[in-house]
Structures are given as structure tokens and as C-alpha cells.
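What follows is my_file_26.pdb (PDB, N, CA and C atoms).
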MODEL        1
ATOM      1  N   MET A   1     -44.533 -23.855-191.984  1.00  0.00           N
ATOM      2  CA  MET A   1     -43.380 -23.941-191.105  1.00  0.00           C
ATOM      3  C   MET A   1     -43.854 -24.142-189.667  1.00  0.00           C
ATOM      4  N   ARG A   2     -43.261 -25.072-188.990  1.00  0.00           N
ATOM      5  CA  ARG A   2     -43.654 -25.416-187.629  1.00  0.00           C
ATOM      6  C   ARG A   2     -42.904 -24.540-186.625  1.00  0.00           C
ATOM      7  N   SER A   3     -43.579 -24.137-185.573  1.00  0.00           N
ATOM      8  CA  SER A   3     -42.904 -23.395-184.507  1.00  0.00           C
ATOM      9  C   SER A   3     -42.990 -24.201-183.213  1.00  0.00           C
ATOM     10  N   TYR A   4     -42.051 -23.969-182.338  1.00  0.00           N
ATOM     11  CA  TYR A   4     -41.984 -24.658-181.053  1.00  0.00           C
ATOM     12  C   TYR A   4     -41.861 -23.622-179.951  1.00  0.00           C
ATOM     13  N   THR A   5     -42.148 -24.037-178.745  1.00  0.00           N
ATOM     14  CA  THR A   5     -42.054 -23.154-177.592  1.00  0.00           C
ATOM     15  C   THR A   5     -41.117 -23.783-176.574  1.00  0.00           C
ATOM     16  N   ILE A   6     -40.279 -22.955-175.937  1.00  0.00           N
ATOM     17  CA  ILE A   6     -39.418 -23.429-174.856  1.00  0.00           C
ATOM     18  C   ILE A   6     -39.740 -22.633-173.596  1.00  0.00           C
ATOM     19  N   ALA A   7     -39.472 -23.234-172.445  1.00  0.00           N
ATOM     20  CA  ALA A   7     -39.703 -22.560-171.172  1.00  0.00           C
ATOM     21  C   ALA A   7     -38.948 -23.289-170.066  1.00  0.00           C
ATOM     22  N   GLN A   8     -38.576 -22.543-169.023  1.00  0.00           N
ATOM     23  CA  GLN A   8     -37.902 -23.113-167.859  1.00  0.00           C
ATOM     24  C   GLN A   8     -38.897 -23.228-166.710  1.00  0.00           C
ATOM     25  N   ASP A   9     -38.863 -24.364-166.008  1.00  0.00           N
ATOM     26  CA  ASP A   9     -39.698 -24.569-164.825  1.00  0.00           C
ATOM     27  C   ASP A   9     -39.032 -23.958-163.596  1.00  0.00           C
ATOM     28  N   ALA A  10     -39.751 -23.922-162.483  1.00  0.00           N
ATOM     29  CA  ALA A  10     -39.240 -23.368-161.234  1.00  0.00           C
ATOM     30  C   ALA A  10     -38.050 -24.147-160.688  1.00  0.00           C
ATOM     31  N   ASP A  11     -37.864 -25.398-161.117  1.00  0.00           N
ATOM     32  CA  ASP A  11     -36.725 -26.196-160.650  1.00  0.00           C
ATOM     33  C   ASP A  11     -35.503 -26.083-161.558  1.00  0.00           C
ATOM     34  N   GLY A  12     -35.570 -25.239-162.592  1.00  0.00           N
ATOM     35  CA  GLY A  12     -34.434 -25.008-163.474  1.00  0.00           C
ATOM     36  C   GLY A  12     -34.403 -25.859-164.729  1.00  0.00           C
ATOM     37  N   ILE A  13     -35.348 -26.758-164.899  1.00  0.00           N
ATOM     38  CA  ILE A  13     -35.368 -27.621-166.082  1.00  0.00           C
ATOM     39  C   ILE A  13     -36.027 -26.887-167.251  1.00  0.00           C
ATOM     40  N   TRP A  14     -35.356 -26.940-168.408  1.00  0.00           N
ATOM     41  CA  TRP A  14     -35.889 -26.369-169.643  1.00  0.00           C
ATOM     42  C   TRP A  14     -36.645 -27.440-170.406  1.00  0.00           C
ATOM     43  N   TRP A  15     -37.785 -27.053-170.982  1.00  0.00           N
ATOM     44  CA  TRP A  15     -38.632 -27.957-171.753  1.00  0.00           C
ATOM     45  C   TRP A  15     -38.923 -27.354-173.109  1.00  0.00           C
ATOM     46  N   GLY A  16     -39.088 -28.223-174.092  1.00  0.00           N
ATOM     47  CA  GLY A  16     -39.532 -27.818-175.414  1.00  0.00           C
ATOM     48  C   GLY A  16     -40.920 -28.386-175.656  1.00  0.00           C
ATOM     49  N   TYR A  17     -41.786 -27.602-176.267  1.00  0.00           N
ATOM     50  CA  TYR A  17     -43.182 -27.995-176.489  1.00  0.00           C
ATOM     51  C   TYR A  17     -43.572 -27.798-177.947  1.00  0.00           C
ATOM     52  N   GLN A  18     -44.385 -28.700-178.459  1.00  0.00           N
ATOM     53  CA  GLN A  18     -44.944 -28.538-179.803  1.00  0.00           C
ATOM     54  C   GLN A  18     -46.063 -27.505-179.802  1.00  0.00           C
ATOM     55  N   VAL A  19     -46.799 -27.441-178.722  1.00  0.00           N
ATOM     56  CA  VAL A  19     -47.931 -26.523-178.570  1.00  0.00           C
ATOM     57  C   VAL A  19     -47.662 -25.680-177.328  1.00  0.00           C
ATOM     58  N   GLU A  20     -48.035 -24.406-177.353  1.00  0.00           N
ATOM     59  CA  GLU A  20     -47.758 -23.543-176.204  1.00  0.00           C
ATOM     60  C   GLU A  20     -48.319 -24.156-174.924  1.00  0.00           C
ATOM     61  N   PRO A  21     -47.482 -24.278-173.877  1.00  0.00           N
ATOM     62  CA  PRO A  21     -47.904 -24.941-172.644  1.00  0.00           C
ATOM     63  C   PRO A  21     -48.750 -24.042-171.743  1.00  0.00           C
ATOM     64  N   ASN A  22     -49.361 -24.675-170.762  1.00  0.00           N
ATOM     65  CA  ASN A  22     -50.118 -23.975-169.726  1.00  0.00           C
ATOM     66  C   ASN A  22     -49.220 -23.789-168.512  1.00  0.00           C
ATOM     67  N   LEU A  23     -49.515 -22.794-167.704  1.00  0.00           N
ATOM     68  CA  LEU A  23     -48.727 -22.480-166.514  1.00  0.00           C
ATOM     69  C   LEU A  23     -49.396 -23.031-165.261  1.00  0.00           C
ATOM     70  N   SER A  24     -48.602 -23.701-164.413  1.00  0.00           N
ATOM     71  CA  SER A  24     -49.075 -24.097-163.086  1.00  0.00           C
ATOM     72  C   SER A  24     -48.235 -23.324-162.073  1.00  0.00           C
ATOM     73  N   HIS A  25     -48.376 -23.597-160.796  1.00  0.00           N
ATOM     74  CA  HIS A  25     -47.673 -22.810-159.783  1.00  0.00           C
ATOM     75  C   HIS A  25     -46.160 -23.031-159.757  1.00  0.00           C
ATOM     76  N   LYS A  26     -45.651 -24.169-160.259  1.00  0.00           N
ATOM     77  CA  LYS A  26     -44.207 -24.427-160.251  1.00  0.00           C
ATOM     78  C   LYS A  26     -43.646 -24.866-161.594  1.00  0.00           C
ATOM     79  N   SER A  27     -44.510 -24.963-162.587  1.00  0.00           N
ATOM     80  CA  SER A  27     -44.025 -25.496-163.862  1.00  0.00           C
ATOM     81  C   SER A  27     -44.971 -25.151-165.003  1.00  0.00           C
ATOM     82  N   TRP A  28     -44.531 -25.522-166.188  1.00  0.00           N
ATOM     83  CA  TRP A  28     -45.362 -25.463-167.382  1.00  0.00           C
ATOM     84  C   TRP A  28     -45.816 -26.882-167.668  1.00  0.00           C
ATOM     85  N   TYR A  29     -46.966 -27.041-168.266  1.00  0.00           N
ATOM     86  CA  TYR A  29     -47.397 -28.384-168.637  1.00  0.00           C
ATOM     87  C   TYR A  29     -48.043 -28.341-170.011  1.00  0.00           C
ATOM     88  N   GLU A  30     -47.877 -29.451-170.731  1.00  0.00           N
ATOM     89  CA  GLU A  30     -48.350 -29.499-172.107  1.00  0.00           C
ATOM     90  C   GLU A  30     -49.866 -29.529-172.179  1.00  0.00           C
ATOM     91  N   ASN A  31     -50.359 -29.026-173.287  1.00  0.00           N
ATOM     92  CA  ASN A  31     -51.788 -29.115-173.576  1.00  0.00           C
ATOM     93  C   ASN A  31     -52.116 -30.566-173.882  1.00  0.00           C
ATOM     94  N   GLU A  32     -53.348 -30.849-174.158  1.00  0.00           N
ATOM     95  CA  GLU A  32     -53.740 -32.225-174.466  1.00  0.00           C
ATOM     96  C   GLU A  32     -53.277 -32.655-175.847  1.00  0.00           C
ATOM     97  N   VAL A  33     -52.797 -31.724-176.636  1.00  0.00           N
ATOM     98  CA  VAL A  33     -52.251 -32.044-177.957  1.00  0.00           C
ATOM     99  C   VAL A  33     -50.768 -31.682-177.962  1.00  0.00           C
ATOM    100  N   GLY A  34     -49.996 -32.355-178.790  1.00  0.00           N
ATOM    101  CA  GLY A  34     -48.573 -32.049-178.874  1.00  0.00           C
ATOM    102  C   GLY A  34     -47.757 -32.819-177.860  1.00  0.00           C
ATOM    103  N   ASN A  35     -46.455 -32.732-178.019  1.00  0.00           N
ATOM    104  CA  ASN A  35     -45.515 -33.430-177.146  1.00  0.00           C
ATOM    105  C   ASN A  35     -44.572 -32.443-176.488  1.00  0.00           C
ATOM    106  N   SER A  36     -43.865 -32.913-175.467  1.00  0.00           N
ATOM    107  CA  SER A  36     -42.842 -32.100-174.819  1.00  0.00           C
ATOM    108  C   SER A  36     -41.577 -32.927-174.683  1.00  0.00           C
ATOM    109  N   VAL A  37     -40.441 -32.236-174.563  1.00  0.00           N
ATOM    110  CA  VAL A  37     -39.157 -32.904-174.415  1.00  0.00           C
ATOM    111  C   VAL A  37     -38.303 -32.108-173.430  1.00  0.00           C
ATOM    112  N   CYS A  38     -37.602 -32.827-172.547  1.00  0.00           N
ATOM    113  CA  CYS A  38     -36.692 -32.191-171.596  1.00  0.00           C
ATOM    114  C   CYS A  38     -35.437 -31.760-172.347  1.00  0.00           C
ATOM    115  N   LEU A  39     -35.052 -30.500-172.192  1.00  0.00           N
ATOM    116  CA  LEU A  39     -33.891 -29.956-172.888  1.00  0.00           C
ATOM    117  C   LEU A  39     -32.663 -29.842-171.997  1.00  0.00           C
ATOM    118  N   GLY A  40     -32.821 -30.026-170.696  1.00  0.00           N
ATOM    119  CA  GLY A  40     -31.683 -29.939-169.783  1.00  0.00           C
ATOM    120  C   GLY A  40     -31.991 -29.041-168.600  1.00  0.00           C
ATOM    121  N   LYS A  41     -31.034 -28.991-167.681  1.00  0.00           N
ATOM    122  CA  LYS A  41     -31.218 -28.208-166.460  1.00  0.00           C
ATOM    123  C   LYS A  41     -30.129 -27.153-166.355  1.00  0.00           C
ATOM    124  N   GLU A  42     -30.523 -25.968-165.927  1.00  0.00           N
ATOM    125  CA  GLU A  42     -29.612 -24.860-165.674  1.00  0.00           C
ATOM    126  C   GLU A  42     -29.962 -24.289-164.310  1.00  0.00           C
ATOM    127  N   PRO A  43     -29.100 -23.448-163.768  1.00  0.00           N
ATOM    128  CA  PRO A  43     -29.433 -22.824-162.489  1.00  0.00           C
ATOM    129  C   PRO A  43     -30.775 -22.095-162.574  1.00  0.00           C
ATOM    130  N   LEU A  44     -31.519 -22.198-161.515  1.00  0.00           N
ATOM    131  CA  LEU A  44     -32.837 -21.575-161.432  1.00  0.00           C
ATOM    132  C   LEU A  44     -32.717 -20.064-161.541  1.00  0.00           C
ATOM    133  N   ILE A  45     -33.625 -19.470-162.282  1.00  0.00           N
ATOM    134  CA  ILE A  45     -33.713 -18.014-162.335  1.00  0.00           C
ATOM    135  C   ILE A  45     -35.043 -17.600-161.719  1.00  0.00           C
ATOM    136  N   SER A  46     -35.031 -16.508-160.998  1.00  0.00           N
ATOM    137  CA  SER A  46     -36.222 -16.110-160.239  1.00  0.00           C
ATOM    138  C   SER A  46     -37.404 -15.743-161.133  1.00  0.00           C
ATOM    139  N   TYR A  47     -37.148 -15.377-162.359  1.00  0.00           N
ATOM    140  CA  TYR A  47     -38.230 -14.967-163.260  1.00  0.00           C
ATOM    141  C   TYR A  47     -38.568 -16.068-164.270  1.00  0.00           C
ATOM    142  N   TRP A  48     -38.570 -17.312-163.830  1.00  0.00           N
ATOM    143  CA  TRP A  48     -38.786 -18.452-164.722  1.00  0.00           C
ATOM    144  C   TRP A  48     -40.102 -18.369-165.478  1.00  0.00           C
ATOM    145  N   LYS A  49     -41.112 -17.725-164.892  1.00  0.00           N
ATOM    146  CA  LYS A  49     -42.409 -17.616-165.575  1.00  0.00           C
ATOM    147  C   LYS A  49     -42.327 -16.741-166.823  1.00  0.00           C
ATOM    148  N   GLU A  50     -41.262 -15.963-166.941  1.00  0.00           N
ATOM    149  CA  GLU A  50     -41.082 -15.081-168.094  1.00  0.00           C
ATOM    150  C   GLU A  50     -40.203 -15.706-169.175  1.00  0.00           C
ATOM    151  N   THR A  51     -39.822 -16.976-169.016  1.00  0.00           N
ATOM    152  CA  THR A  51     -38.930 -17.614-169.984  1.00  0.00           C
ATOM    153  C   THR A  51     -39.656 -18.212-171.180  1.00  0.00           C
ATOM    154  N   LEU A  52     -40.959 -18.241-171.165  1.00  0.00           N
ATOM    155  CA  LEU A  52     -41.725 -18.809-172.273  1.00  0.00           C
ATOM    156  C   LEU A  52     -41.383 -18.060-173.558  1.00  0.00           C
ATOM    157  N   LYS A  53     -40.903 -18.807-174.560  1.00  0.00           N
ATOM    158  CA  LYS A  53     -40.473 -18.180-175.809  1.00  0.00           C
ATOM    159  C   LYS A  53     -40.822 -19.073-176.986  1.00  0.00           C
ATOM    160  N   ARG A  54     -41.405 -18.482-178.011  1.00  0.00           N
ATOM    161  CA  ARG A  54     -41.727 -19.224-179.237  1.00  0.00           C
ATOM    162  C   ARG A  54     -40.537 -19.157-180.186  1.00  0.00           C
ATOM    163  N   LEU A  55     -40.156 -20.313-180.708  1.00  0.00           N
ATOM    164  CA  LEU A  55     -39.072 -20.417-181.681  1.00  0.00           C
ATOM    165  C   LEU A  55     -39.665 -20.764-183.033  1.00  0.00           C
ATOM    166  N   LYS A  56     -39.056 -20.269-184.074  1.00  0.00           N
ATOM    167  CA  LYS A  56     -39.537 -20.590-185.427  1.00  0.00           C
ATOM    168  C   LYS A  56     -38.474 -21.323-186.190  1.00  0.00           C
TER
ENDMDL
END
Would you kindly transcribe this structure into C-alpha cells?
Amino acid sequence: MRSYTIAQDADGIWWGYQVEPNLSHKSWYENEVGNSVCLGKEPLISYWKETLKRLK
């Protein structure tokens, strides 16, 4: 069974990742393997770095 990871960037955009992303100062970025997809934008939350969540 495949799992995916979602996370919100500092600008409010939600992303979905095939492989758990790396953290930069304003966003998450994909590893050298796997793909990412933009899931949409919501109002920015101050704790965006804590939004990383694995889905099954």
C-alpha cells in the first residue's frame, strides 16, 4: 500500500508528495525521487512547519 505526505508552505499553498519532503526556510521541497502536486491554497497558518502529515 502506497502512502503520501501533505504539507502547507509558508505562503499557504498545500502540496502532496510521493516521498516525504525536505524543509527549507519558507517551504517544503521534494526529494530527488518522487513527484509533488499542488493541492490548493488556504489562508496561511503560523505553524505551517507542523502541517507535514503522512496519509495512507
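Assigned to strand (DSSP E) in chain A, given DSSP computed from backbone atoms, are A:Tyr4, A:Thr5, A:Ile6, A:Ala7, A:Gln8, A:Ile13, A:Trp14, A:Trp15, A:Gly16, A:Tyr17, A:Asn22, A:Leu23, A:Trp28, A:Tyr29, A:Ser36, A:Val37, A:Cys38, A:Leu39, A:Gly40, A:Lys41, A:Lys53, A:Arg54, A:Leu55.
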Item to complete: Kindly give the distance, in Å, that separates atom N of Ser46 in chain A and atom C of Trp28 in chain A, rounded to a single decimal.
Response: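 Going from atom N of Ser46 in chain A over to atom C of Trp28 in chain A covers 16.4 Å.
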Discussion item. Give me the residues near Trp14 in chain A as a ChimeraX atom specification, where near means some atom within 6 Å (using only C-alpha atoms) and where sequence neighbours in that chain fewer than 3 positions away do not count.
Written reply: /A:7-8,39-41
Practice prompt. Counting only N, CA and C atoms, write as a ChimeraX atom specification all protein and nucleic acid residues lying at most 5 Å from (-49.1, -27.7, -177.0) in the file's frame.
Written response: /A:18-21,31,33-34
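Between CA of Trp48 in chain A and CA of Gly16 in chain A lies a distance of 14.2 Å.
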Worksheet item: Using only N, CA and C atoms, which residues sit within 7 Å of Ala10 in chain A once same-chain residues fewer than 3 positions away are excluded, as a VMD selection string?
Response: chain A and resid 13 26 to 28 44 to 45 48 to 49
Show me, as AutoDock Vina command-line options, the centre and edge lengths in Å to one decimal of the axis-aligned box that covers every listed atom of range 32-36 of chain A with 8 Å on each side.
--center_x -47.7 --center_y -32.1 --center_z -176.5 --size_x 28.2 --size_y 18.6 --size_z 20.7
Practice prompt. Counting only N, CA and C atoms, figure out which residue out of A:Glu50, A:Leu55, A:Trp15, A:Met1 gets nearest to Ser36 in chain A.
Written response: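 Result for the nearest residue to Ser36 in chain A: A:Trp15.
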Item to complete: Have a look at atom N of Cys38 in chain A and CA of His25 in chain A and let me know their distance in Å, one decimal.
Response: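 One can read the atom N of Cys38 in chain A to CA of His25 in chain A distance as 19.1 Å.
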Fill in: Which of A:Asn22, A:Asn35, A:Tyr17, A:Glu42 sits closest to Tyr4 in chain A [using only C-alpha atoms]
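Of A:Asn22, A:Asn35, A:Tyr17, A:Glu42, the one nearest Tyr4 in chain A, counting only C-alpha atoms, is A:Tyr17.
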